[in-house]
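With mmCIF, C-alpha atoms inside, this is query_24.cif:
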data_protein
#
loop_
_atom_site.label_atom_id
_atom_site.label_comp_id
_atom_site.auth_asym_id
_atom_site.auth_seq_id
_atom_site.Cartn_x
_atom_site.Cartn_y
_atom_site.Cartn_z
CA MET A 13 0.00 0.00 0.00
CA ALA A 14 2.80 2.41 0.91
CA ASP A 15 4.56 1.84 -2.41
CA ASP A 16 1.32 2.34 -4.33
CA GLU A 17 0.58 5.60 -2.53
CA GLN A 18 4.07 6.85 -3.17
CA ALA A 19 3.77 5.99 -6.86
CA ASP A 20 0.52 7.96 -7.12
CA VAL A 21 2.00 11.18 -5.73
CA PRO A 22 1.47 13.85 -8.44
CA ARG A 23 4.58 15.37 -9.98
CA TYR A 24 5.38 18.82 -8.67
CA LEU A 25 7.23 21.50 -10.62
CA PRO A 26 8.76 24.21 -8.43
CA GLU A 27 7.88 27.83 -8.93
CA ASN A 28 9.64 29.48 -11.89
CA SER A 29 10.53 26.07 -13.31
CA PRO A 30 10.56 25.91 -17.11
CA GLY A 31 8.47 22.78 -16.87
CA SER A 32 10.99 20.40 -18.39
CA PRO A 33 11.07 17.01 -16.65
CA ASP A 34 14.87 17.04 -17.02
CA GLU A 35 14.99 20.19 -14.89
CA ASP A 36 12.49 19.06 -12.25
CA PRO A 37 14.67 18.14 -9.24
CA ILE A 38 11.90 16.11 -7.57
CA GLU A 39 11.54 13.80 -10.58
CA ASN A 40 15.32 13.64 -11.02
CA ALA A 41 15.76 12.61 -7.38
CA ARG A 42 13.10 9.91 -7.65
CA ARG A 43 14.72 8.51 -10.78
CA ALA A 44 18.05 8.53 -8.94
CA GLY A 45 16.54 6.34 -6.21
CA LYS A 46 16.45 8.97 -3.46
CA LYS A 47 13.96 7.82 -0.82
CA ASN A 48 13.49 11.14 0.97
CA LEU A 49 14.30 14.83 0.58
CA LEU A 50 17.14 14.90 3.11
CA GLN A 51 19.20 12.62 0.92
CA TRP A 52 19.66 15.44 -1.59
CA MET A 53 18.26 18.64 -0.08
CA GLU A 54 19.15 20.82 2.90
CA ILE A 55 16.15 22.37 4.71
CA SER A 56 16.29 25.02 7.43
CA VAL A 57 14.03 27.48 9.21
CA ALA A 58 16.63 30.23 9.16
CA GLU A 59 15.14 33.07 11.15
CA PRO A 60 11.92 34.47 12.62
CA GLU A 61 10.60 37.95 11.95
CA LYS A 62 7.92 39.95 13.78
CA ARG A 63 5.36 41.68 11.57
CA THR A 64 2.41 43.95 12.29
CA VAL A 65 -0.68 44.43 10.14
CA THR A 66 -3.31 47.10 10.82
CA SER A 67 -6.91 46.24 9.88
CA LEU A 68 -9.95 48.29 10.92
CA LYS A 69 -7.77 50.21 13.38
CA VAL A 70 -6.76 46.93 15.05
CA GLN A 71 -3.12 45.90 15.02
CA ASP A 72 -2.32 42.23 14.51
CA THR A 73 1.23 41.27 15.46
CA TYR A 74 2.50 37.87 14.37
CA ILE A 75 5.70 35.97 13.61
CA VAL A 76 6.80 34.65 10.22
CA TYR A 77 9.60 32.16 9.66
CA LEU A 78 12.08 32.08 6.78
CA ILE A 79 12.30 28.62 5.18
CA GLU A 80 15.37 27.99 3.03
CA THR A 81 16.17 24.96 0.88
CA ARG A 82 19.36 24.09 -0.97
CA ILE A 83 20.12 21.12 -3.22
CA THR A 84 23.23 19.39 -1.86
CA ASP A 85 23.59 16.62 -4.46
CA ASN A 86 25.32 17.93 -7.59
CA SER A 87 23.90 15.06 -9.65
CA ILE A 88 20.35 16.41 -9.18
CA GLN A 89 19.65 18.92 -11.94
CA SER A 90 17.50 21.92 -11.04
CA PRO A 91 16.59 25.33 -12.48
CA GLY A 92 18.58 28.28 -11.18
CA ASP A 93 21.13 27.81 -8.42
CA GLY A 94 19.13 25.13 -6.58
CA THR A 95 18.12 27.34 -3.65
CA THR A 96 14.74 28.69 -2.53
CA SER A 97 13.57 30.89 0.34
CA LEU A 98 10.12 31.97 1.50
CA TRP A 99 8.25 33.12 4.63
CA ARG A 100 5.57 31.09 6.42
CA ARG A 101 3.29 31.84 9.36
CA TYR A 102 2.65 29.34 12.14
CA SER A 103 -0.94 28.98 10.89
CA GLU A 104 0.42 27.69 7.56
CA PHE A 105 2.44 25.08 9.41
CA GLU A 106 -0.83 24.07 11.10
CA LEU A 107 -2.59 23.79 7.74
CA LEU A 108 0.22 21.60 6.40
CA ARG A 109 0.09 19.28 9.38
CA ASN A 110 -3.71 18.97 9.25
CA TYR A 111 -3.42 18.03 5.58
CA LEU A 112 -0.75 15.39 6.25
CA ASP A 113 -2.70 13.98 9.21
CA ILE A 114 -5.83 13.50 7.09
CA MET A 115 -4.19 12.32 3.86
CA TYR A 116 -1.79 9.90 5.60
CA PRO A 117 -3.86 8.46 8.48
CA HIS A 118 -1.57 5.43 8.85
CA VAL A 119 1.50 7.65 9.44
CA VAL A 120 2.60 8.91 12.86
CA VAL A 121 2.76 12.52 11.65
CA PRO A 122 5.29 14.66 13.55
CA PRO A 123 3.68 17.21 15.89
CA LEU A 124 4.07 20.98 15.84
CA PRO A 125 5.59 22.90 18.78
CA GLU A 126 3.30 24.41 21.38
CA LYS A 127 1.55 27.72 20.71
CA LYS A 128 2.27 29.11 24.15
CA ALA A 129 4.75 28.18 26.84
CA SER A 130 3.89 25.34 29.21
CA TYR A 131 5.63 23.82 32.26
CA ILE A 132 7.05 27.24 33.02
CA TRP A 133 9.16 28.23 36.02
CA GLN A 134 9.51 31.63 37.68
CA ASN A 135 11.94 33.20 35.17
CA ALA A 136 10.75 31.44 32.00
CA PRO A 137 9.22 33.57 29.21
CA THR A 138 5.43 33.33 28.92
CA ASP A 139 4.75 35.82 26.12
CA LYS A 140 4.42 34.03 22.75
CA LEU A 141 6.19 36.99 21.10
CA ASP A 142 9.15 36.82 23.52
CA PRO A 143 12.38 36.49 21.46
CA GLU A 144 13.60 33.51 23.49
CA PHE A 145 10.31 31.63 23.08
CA VAL A 146 10.13 32.51 19.35
CA GLU A 147 13.66 31.20 18.83
CA ARG A 148 12.84 27.92 20.55
CA ARG A 149 9.71 27.59 18.41
CA ARG A 150 11.81 28.28 15.27
CA ALA A 151 14.11 25.39 16.19
CA ALA A 152 11.10 23.11 16.84
CA LEU A 153 9.48 24.04 13.51
CA GLU A 154 12.72 23.16 11.74
CA ILE A 155 12.70 19.75 13.46
CA PHE A 156 9.10 19.26 12.28
CA LEU A 157 10.09 19.93 8.65
CA LEU A 158 13.17 17.72 8.90
CA ARG A 159 11.13 14.83 10.31
CA CYS A 160 8.61 15.15 7.47
CA ALA A 161 11.41 15.45 4.90
CA ALA A 162 13.04 12.27 6.27
CA HIS A 163 9.81 10.25 5.95
CA PRO A 164 9.65 8.15 2.74
CA GLN A 165 6.00 9.06 2.04
CA LEU A 166 5.49 12.51 3.53
CA SER A 167 8.64 13.81 1.81
CA GLN A 168 7.24 12.87 -1.62
CA ASP A 169 3.91 14.65 -1.18
CA ARG A 170 3.45 17.54 -3.62
CA ILE A 171 1.76 19.72 -0.98
CA PHE A 172 4.69 19.28 1.43
CA ILE A 173 7.21 20.06 -1.31
CA GLY A 174 5.12 23.06 -2.34
CA PHE A 175 5.16 24.30 1.25
CA LEU A 176 8.95 24.42 1.08
CA GLN A 177 9.29 25.99 -2.36
CA LYS A 178 6.07 27.60 -3.61
CA ALA A 179 5.63 31.11 -2.20
CA GLU A 180 2.42 31.99 -4.06
CA GLY A 181 -0.73 29.91 -4.40
CA TRP A 182 0.24 27.19 -1.94
CA LYS A 183 -2.95 27.51 0.11
CA ASP A 184 -5.04 27.17 -3.06
CA MET A 185 -3.14 23.93 -3.80
CA VAL A 186 -3.99 22.60 -0.35
CA TYR A 187 -7.70 23.45 -0.43
CA GLY A 188 -7.86 22.21 -4.02
CA THR A 189 -7.19 18.68 -2.74
CA GLU A 190 -10.47 18.86 -0.72
CA PHE A 191 -8.62 17.06 2.05
CA GLN A 192 -11.08 18.24 4.69
CA SER A 193 -13.89 16.21 3.11
CA LYS A 194 -11.84 13.05 3.70
CA ALA A 195 -11.55 13.57 7.44
CA GLU A 196 -13.50 11.24 9.71
CA SER A 197 -16.03 13.15 11.79
CA LYS A 198 -15.37 13.37 15.53
CA LEU A 199 -18.84 11.91 16.17
CA LYS A 200 -18.08 8.84 14.06
CA ALA A 201 -14.69 8.37 15.75
CA LEU A 202 -16.34 8.57 19.17
CA SER A 203 -19.11 6.18 18.14
CA ALA A 204 -16.60 3.70 16.71
CA SER A 205 -14.52 3.63 19.89
CA PHE A 206 -17.55 2.75 22.05
CA ARG A 207 -19.50 0.46 19.67
CA LEU A 208 -16.61 -1.60 18.34
CA LYS A 209 -17.20 -5.32 18.87
CA LYS A 210 -13.87 -6.75 17.74
CA SER A 211 -10.88 -4.57 18.47
CA ASP A 212 -7.26 -5.31 17.63
CA ARG A 213 -4.97 -6.13 20.53
CA LYS A 214 -2.02 -4.32 18.94
CA PHE A 215 -3.96 -1.07 18.60
CA ASP A 216 -5.35 -1.39 22.13
CA GLU A 217 -1.78 -1.78 23.39
CA LEU A 218 -0.72 1.20 21.28
CA LYS A 219 -3.38 3.42 22.87
CA ASN A 220 -2.26 2.37 26.35
CA TYR A 221 1.36 2.89 25.33
CA SER A 222 0.68 6.43 24.06
CA ASN A 223 -1.22 7.34 27.23
CA GLU A 224 1.56 6.01 29.46
CA MET A 225 4.27 7.76 27.43
CA GLU A 226 2.35 11.04 27.65
CA SER A 227 1.85 10.61 31.41
CA ASN A 228 5.51 9.78 32.08
CA ILE A 229 6.85 12.72 30.07
CA ASN A 230 4.26 15.00 31.66
CA ASN A 231 5.56 14.00 35.11
CA LEU A 232 9.17 14.52 34.03
CA LEU A 233 8.41 18.03 32.79
CA LYS A 234 6.54 18.94 35.99
CA ILE A 235 9.44 17.74 38.14
CA ARG A 236 11.94 19.58 35.96
CA ALA A 237 9.95 22.85 36.28
CA ARG A 238 9.93 22.54 40.09
CA MET A 239 13.66 21.77 40.13
CA ALA A 240 14.35 24.77 37.87
CA ASP A 241 12.48 27.02 40.29
CA LYS A 242 14.49 25.77 43.27
CA LEU A 243 17.81 25.83 41.41
CA TYR A 244 17.19 29.36 40.17
CA GLY A 245 16.34 30.54 43.69
CA ILE A 246 19.39 28.90 45.28
CA HIS A 247 21.81 30.38 42.74
CA LYS A 248 20.32 33.88 42.90
CA ILE A 249 20.64 33.91 46.70
CA HIS A 250 24.40 33.74 46.18
CA ALA A 251 24.21 37.21 44.61
CA ASN A 252 23.35 38.40 48.14
CA TYR A 253 26.50 36.69 49.44
CA GLY A 254 28.47 38.51 46.77
CA ARG A 255 27.01 41.89 47.80
CA VAL A 256 27.71 41.24 51.50
CA TYR A 257 31.33 40.17 50.86
CA CYS A 258 31.95 43.27 48.73
CA GLU A 259 30.47 45.56 51.42
CA TRP A 260 32.47 43.76 54.11
CA ALA A 261 35.64 44.30 52.10
CA GLY A 262 35.09 48.05 52.46
CA ILE A 263 35.50 47.94 56.25
CA GLU A 264 38.02 45.10 56.61
CA LYS A 265 41.19 46.57 55.13
CA GLU A 266 43.38 43.55 55.87
CA MET A 267 40.91 41.10 54.32
CA ALA A 268 39.63 43.42 51.59
CA SER A 269 41.23 41.67 48.62
CA PRO A 270 40.17 38.08 49.54
CA LEU A 271 36.65 39.22 50.43
CA GLN A 272 36.34 41.19 47.17
CA SER A 273 37.47 38.13 45.18
CA ALA A 274 35.08 35.85 47.09
CA GLY A 275 32.22 38.25 46.34
CA HIS A 276 33.17 38.12 42.66
CA TYR A 277 32.99 34.30 42.62
CA MET A 278 29.62 34.37 44.38
CA ASN A 279 28.30 36.64 41.61
CA VAL A 280 29.74 34.33 38.95
CA TYR A 281 28.03 31.36 40.60
CA SER A 282 24.74 33.28 40.78
CA GLN A 283 24.84 34.14 37.07
CA SER A 284 25.89 30.65 35.91
CA VAL A 285 22.36 29.32 36.40
CA ASP A 286 20.95 31.46 33.58
CA SER A 287 22.81 29.67 30.78
CA GLN A 288 22.20 26.29 32.45
CA LEU A 289 18.42 26.70 32.60
CA GLU A 290 18.34 28.14 29.09
CA GLU A 291 20.07 24.99 27.84
CA GLU A 292 17.68 22.84 29.87
CA GLU A 293 14.75 24.45 28.03
CA GLN A 294 16.02 22.91 24.80
CA TYR A 295 15.87 19.42 26.32
CA ALA A 296 12.43 20.19 27.75
CA ASP A 297 11.22 21.19 24.28
CA GLN A 298 12.46 17.89 22.87
CA LEU A 299 10.52 16.00 25.54
CA LYS A 300 7.42 18.09 24.81
CA GLU A 301 7.66 16.97 21.19
CA TYR A 302 7.46 13.34 22.24
CA MET A 303 4.60 14.07 24.59
CA ALA A 304 2.75 15.56 21.58
CA PHE A 305 3.62 12.43 19.57
CA ALA A 306 1.22 10.58 21.89
CA GLU A 307 -1.72 12.33 20.21
CA SER A 308 -0.34 11.35 16.78
CA LEU A 309 -0.32 7.71 17.90
CA ARG A 310 -3.91 7.97 19.16
CA SER A 311 -4.92 9.48 15.82
CA VAL A 312 -3.63 6.35 14.05
CA CYS A 313 -5.68 4.21 16.46
CA LYS A 314 -8.85 6.27 15.88
CA LYS A 315 -8.62 5.79 12.12
CA PHE A 316 -8.29 2.03 12.62
CA GLU A 317 -11.36 2.02 14.87
CA CYS A 318 -13.36 3.86 12.19
CA LEU A 319 -12.31 1.34 9.52
CA GLN A 320 -13.00 -1.62 11.81
CA TYR A 321 -16.41 -0.12 12.68
CA ASP A 322 -17.25 0.19 8.97
CA LEU A 323 -16.20 -3.44 8.43
CA GLU A 324 -18.37 -4.67 11.31
CA ARG A 325 -21.38 -2.73 10.00
CA ALA A 326 -20.83 -4.27 6.55
CA GLU A 327 -20.62 -7.76 8.07
CA GLU A 328 -23.72 -7.11 10.13
CA ASN A 329 -25.60 -5.95 7.03
CA LEU A 330 -24.53 -9.12 5.15
CA SER A 331 -25.61 -11.30 8.07
CA THR A 332 -29.03 -9.58 8.22
CA LYS A 333 -29.63 -10.00 4.49
CA SER A 334 -28.61 -13.68 4.61
CA SER A 335 -30.97 -14.31 7.55
CA GLN A 336 -33.83 -12.59 5.74
CA LYS A 337 -33.27 -14.74 2.67
CA GLU A 338 -33.15 -17.96 4.72
CA MET A 339 -36.37 -17.12 6.57
CA LEU A 340 -38.11 -16.08 3.38
CA ALA A 341 -37.08 -19.32 1.68
CA GLN A 342 -38.62 -21.25 4.62
CA GLY A 343 -41.77 -19.16 4.51
CA LYS A 344 -41.11 -17.64 7.92
CA THR A 345 -41.17 -14.05 9.16
CA GLY A 346 -39.39 -12.40 12.06
CA THR A 347 -40.70 -12.31 15.59
CA PHE A 348 -42.03 -8.82 14.99
CA SER A 349 -41.73 -7.00 11.67
CA LEU A 350 -43.78 -5.02 9.21
CA SER A 351 -43.79 -7.91 6.74
CA GLY A 352 -45.00 -10.24 9.50
CA MET A 353 -47.89 -7.91 10.35
CA LYS A 354 -48.85 -7.60 6.67
CA SER A 355 -48.83 -11.40 6.33
CA LYS A 356 -51.24 -11.76 9.26
CA LEU A 357 -53.56 -9.02 7.98
CA PHE A 358 -53.54 -9.72 4.24
CA GLY A 359 -52.20 -13.22 3.98
CA SER A 360 -48.83 -14.66 2.93
CA ASP A 361 -46.96 -13.80 -0.26
CA THR A 362 -47.62 -15.81 -3.35
CA PRO A 363 -44.80 -18.08 -4.59
CA GLU A 364 -44.11 -15.57 -7.37
CA GLN A 365 -43.83 -12.68 -4.90
CA ARG A 366 -41.60 -14.74 -2.64
CA ALA A 367 -39.33 -15.68 -5.56
CA GLU A 368 -39.05 -12.02 -6.55
CA LYS A 369 -38.10 -11.01 -3.00
CA ILE A 370 -35.49 -13.77 -2.83
CA LYS A 371 -34.06 -12.57 -6.13
CA GLN A 372 -33.81 -9.02 -4.76
CA LEU A 373 -32.15 -10.30 -1.61
CA ASP A 374 -29.63 -12.29 -3.70
CA GLU A 375 -28.60 -9.07 -5.42
CA GLN A 376 -28.36 -7.26 -2.09
CA ILE A 377 -26.30 -10.11 -0.60
CA LYS A 378 -23.87 -10.00 -3.54
CA GLN A 379 -23.48 -6.27 -3.07
CA ALA A 380 -23.02 -6.75 0.69
CA GLU A 381 -20.35 -9.41 0.10
CA ILE A 382 -18.47 -7.03 -2.20
CA GLU A 383 -18.69 -4.31 0.44
CA VAL A 384 -17.41 -6.67 3.17
CA GLU A 385 -14.51 -7.74 0.99
CA ARG A 386 -13.65 -4.12 0.17
CA ALA A 387 -13.85 -3.01 3.81
CA SER A 388 -11.83 -6.03 4.95
CA GLN A 389 -9.08 -5.36 2.40
CA GLU A 390 -8.99 -1.64 3.25
CA THR A 391 -8.72 -2.42 6.96
CA GLN A 392 -5.97 -5.00 6.44
CA ASP A 393 -3.98 -2.64 4.20
CA TYR A 394 -4.31 0.09 6.81
CA VAL A 395 -3.17 -2.22 9.63
CA ASP A 396 -0.10 -3.34 7.66
CA SER A 397 0.90 0.23 6.75
CA ALA A 398 0.20 1.62 10.23
CA LEU A 399 2.16 -1.08 12.05
CA ARG A 400 5.16 -0.52 9.74
CA ASP A 401 5.17 3.20 10.49
CA ILE A 402 4.63 2.64 14.21
CA ASP A 403 7.66 0.35 14.23
CA ARG A 404 9.65 3.09 12.46
CA PHE A 405 8.48 5.64 15.05
CA LYS A 406 9.44 3.44 18.00
CA ARG A 407 12.97 2.92 16.66
CA GLN A 408 13.29 6.66 16.16
CA LYS A 409 11.92 7.33 19.66
CA VAL A 410 14.45 5.07 21.38
CA LYS A 411 17.32 6.69 19.49
CA ASP A 412 16.12 10.24 20.21
CA LEU A 413 15.32 9.73 23.90
CA LYS A 414 18.66 8.02 24.46
CA GLU A 415 20.39 11.05 22.95
CA ILE A 416 18.25 13.54 24.93
CA PHE A 417 18.83 11.94 28.32
CA THR A 418 22.55 11.32 27.66
CA ASN A 419 23.14 14.93 26.61
CA TYR A 420 21.14 16.16 29.61
CA ALA A 421 23.31 14.09 31.97
CA VAL A 422 26.49 15.40 30.31
CA MET A 423 25.22 18.97 30.67
CA GLN A 424 24.51 18.45 34.39
CA ILE A 425 27.98 16.98 34.93
CA LYS A 426 29.56 20.01 33.22
CA GLN A 427 27.51 22.39 35.37
CA CYS A 428 28.49 20.54 38.55
CA LYS A 429 32.17 20.69 37.57
CA LYS A 430 31.79 24.40 36.85
CA GLY A 431 30.18 24.93 40.28
CA ILE A 432 32.96 22.97 41.99
CA ALA A 433 35.61 25.10 40.21
CA ILE A 434 33.90 28.33 41.35
CA TRP A 435 33.64 27.15 44.95
CA THR A 436 37.25 25.92 44.91
CA SER A 437 38.35 29.41 43.83
CA ALA A 438 36.17 30.95 46.58
CA LYS A 439 37.75 28.59 49.14
CA ASP A 440 41.24 29.72 48.08
CA CYS A 441 40.13 33.31 48.65
CA PHE A 442 38.95 32.51 52.17
CA GLN A 443 42.21 30.73 52.99
CA LYS A 444 44.18 33.87 52.09
CA MET A 445 42.47 35.89 54.83
#

This entry written out as structure tokens:
Amino acid sequence: MADDEQADVPRYLPENSPGSPDEDPIENARRAGKKNLLQWMEISVAEPEKRTVTSLKVQDTYIVYLIETRITDNSIQSPGDGTTSLWRRYSEFELLRNYLDIMYPHVVVPPLPEKKASYIWQNAPTDKLDPEFVERRRAALEIFLLRCAAHPQLSQDRIFIGFLQKAEGWKDMVYGTEFQSKAESKLKALSASFRLKKSDRKFDELKNYSNEMESNINNLLKIRARMADKLYGIHKIHANYGRVYCEWAGIEKEMASPLQSAGHYMNVYSQSVDSQLEEEEQYADQLKEYMAFAESLRSVCKKFECLQYDLERAEENLSTKSSQKEMLAQGKTGTFSLSGMKSKLFGSDTPEQRAEKIKQLDEQIKQAEIEVERASQETQDYVDSALRDIDRFKRQKVKDLKEIFTNYAVMQIKQCKKGIAIWTSAKDCFQKM
């Protein structure tokens, strides 16, 4: 199924392309056997920019992000110098992700970064236009694009490629696909989850897994926020030590130099926490991404439940039609039905009428069998594709979390060594008194 979908992806010609297949880098890359964009293209969200628009005397301030691409494989022919750059708003990133989520329901689509800060501590920025928060979101948006560009199916989608390279008319391309009409309604998804008779153990386990992963990361982030508060407070108290030592140096002439130096080291220790907590925020953002991945996993499960629900309804319809035919052939009616009431009031059907009804039921049964076969095949194809992508996601998750936690531990070790060096220098100052 995955290979078929990839083969059906429409060819995309970048903006300002002369239209020649030989100069279309996407087609050239596919012919060269490139499985994703990152094998031959460099993608970056280079910088954010604040903009203000005035409409009806109301000012709307928002952030746009510069997306740059550059072809890194010299064997891939392209028009111009092989580079593109354009600006995108966060809302356009949202539109892209909604499109990918609907058009590729079996894929664990990467999540977008949060709209506003969460798990904050006392000195963390809370304004969504704060430069520090905007920079962290820029980095997270770049990760989102890189994850999509590394995926063998998402990276080949013409809408995704257009998002990277087509400055004008991209939204019209998206809405032209009518992707919203293909989305399962929330009511149907809710109904399917409660009325499903035969679930799949693997998808039940996946839902539990996503909930547990979300809960565990949520607890980690809460603990980290509390620790950041305490750590920040402890370090900043040392600024008071520094002030006291410096004031003391003014009245203790014999100990002035050691006290002044000790006060300096206390101030250095107080300020060292700022860079440490700023670096910690990067690791917190990476964990938040995986907490958001939990919803992507549940989305895959919901689509399966909708397909399984459709299959069960088709099987139930086939069973009902077959029962009706069997009872009609035996000259029986249901325990209570409209046809049964009519038979009692006006008499039973003639053999000719019964034969005609059986013939109609045969046609309906054939149609129901076709529908069951179609629904069964669609469900099986979805299960196979979804489980492959879930396996890919889990391998990626283990690799990423291992790197996150290892780097976090290394950072803490460096900070502890830095603190020990500062206190060792302060101790030497005290010993010189």

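When all atoms listed in the file are used to measure the gap to Glu59 (chain A), the shortest distance among A:Tyr277, A:Phe145, A:Tyr77, A:Trp99 belongs to A:Tyr77.
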
In terms of the shortest atom-to-atom distance over only C-alpha atoms, which of A:Glu154, A:Cys313, A:Ile173, A:Arg63 is closest to Thr96 (chain A)? A:Ile173

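Nearest to Ile416 (chain A) of all the residues A:Thr73, A:Ser308, A:Gln294, A:Ser284 is A:Gln294, counting all atoms listed in the file.
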
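Proximity of A:Thr391, A:Asn220, A:Gln288, A:Thr95 to Met423 (chain A), computed with only C-alpha atoms, is greatest for A:Gln288.
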
Identify, on the basis of only C-alpha atoms, every residue whose closest approach to Ala326 (chain A) does not exceed 8 Å; exclude the query and any residue fewer than 6 positions from it along the same chain; express the result as number ranges by chain. A: 380, 383-384, 387

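Note that the spacing between CA of Lys209 (chain A) and CA of Asn329 (chain A) amounts to 14.5 Å.
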
Can you give me, as a CSV table (one decimal) with C-alpha atoms, in the frame of the given file, the residues this file yields under the PyMOL selection byres ((chain A and resi 236) around 10)?
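Written out: out.csv:
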chain,number,residue,atom,x,y,z
A,131,TYR,CA,5.6,23.8,32.3
A,132,ILE,CA,7.0,27.2,33.0
A,133,TRP,CA,9.2,28.2,36.0
A,230,ASN,CA,4.3,15.0,31.7
A,231,ASN,CA,5.6,14.0,35.1
A,232,LEU,CA,9.2,14.5,34.0
A,233,LEU,CA,8.4,18.0,32.8
A,234,LYS,CA,6.5,18.9,36.0
A,235,ILE,CA,9.4,17.7,38.1
A,237,ALA,CA,10.0,22.8,36.3
A,238,ARG,CA,9.9,22.5,40.1
A,239,MET,CA,13.7,21.8,40.1
A,240,ALA,CA,14.4,24.8,37.9
A,241,ASP,CA,12.5,27.0,40.3
A,242,LYS,CA,14.5,25.8,43.3
A,292,GLU,CA,17.7,22.8,29.9
A,293,GLU,CA,14.8,24.4,28.0
A,296,ALA,CA,12.4,20.2,27.8

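Shell of Glu54 (chain A) at 9 Å, with all atoms listed in the file counted and residues fewer than 2 places along the chain excluded, is Leu49, Leu50, Gln51, Trp52, Ser56, Glu80, Thr81, Arg82, Ile83 and Thr84 of chain A.
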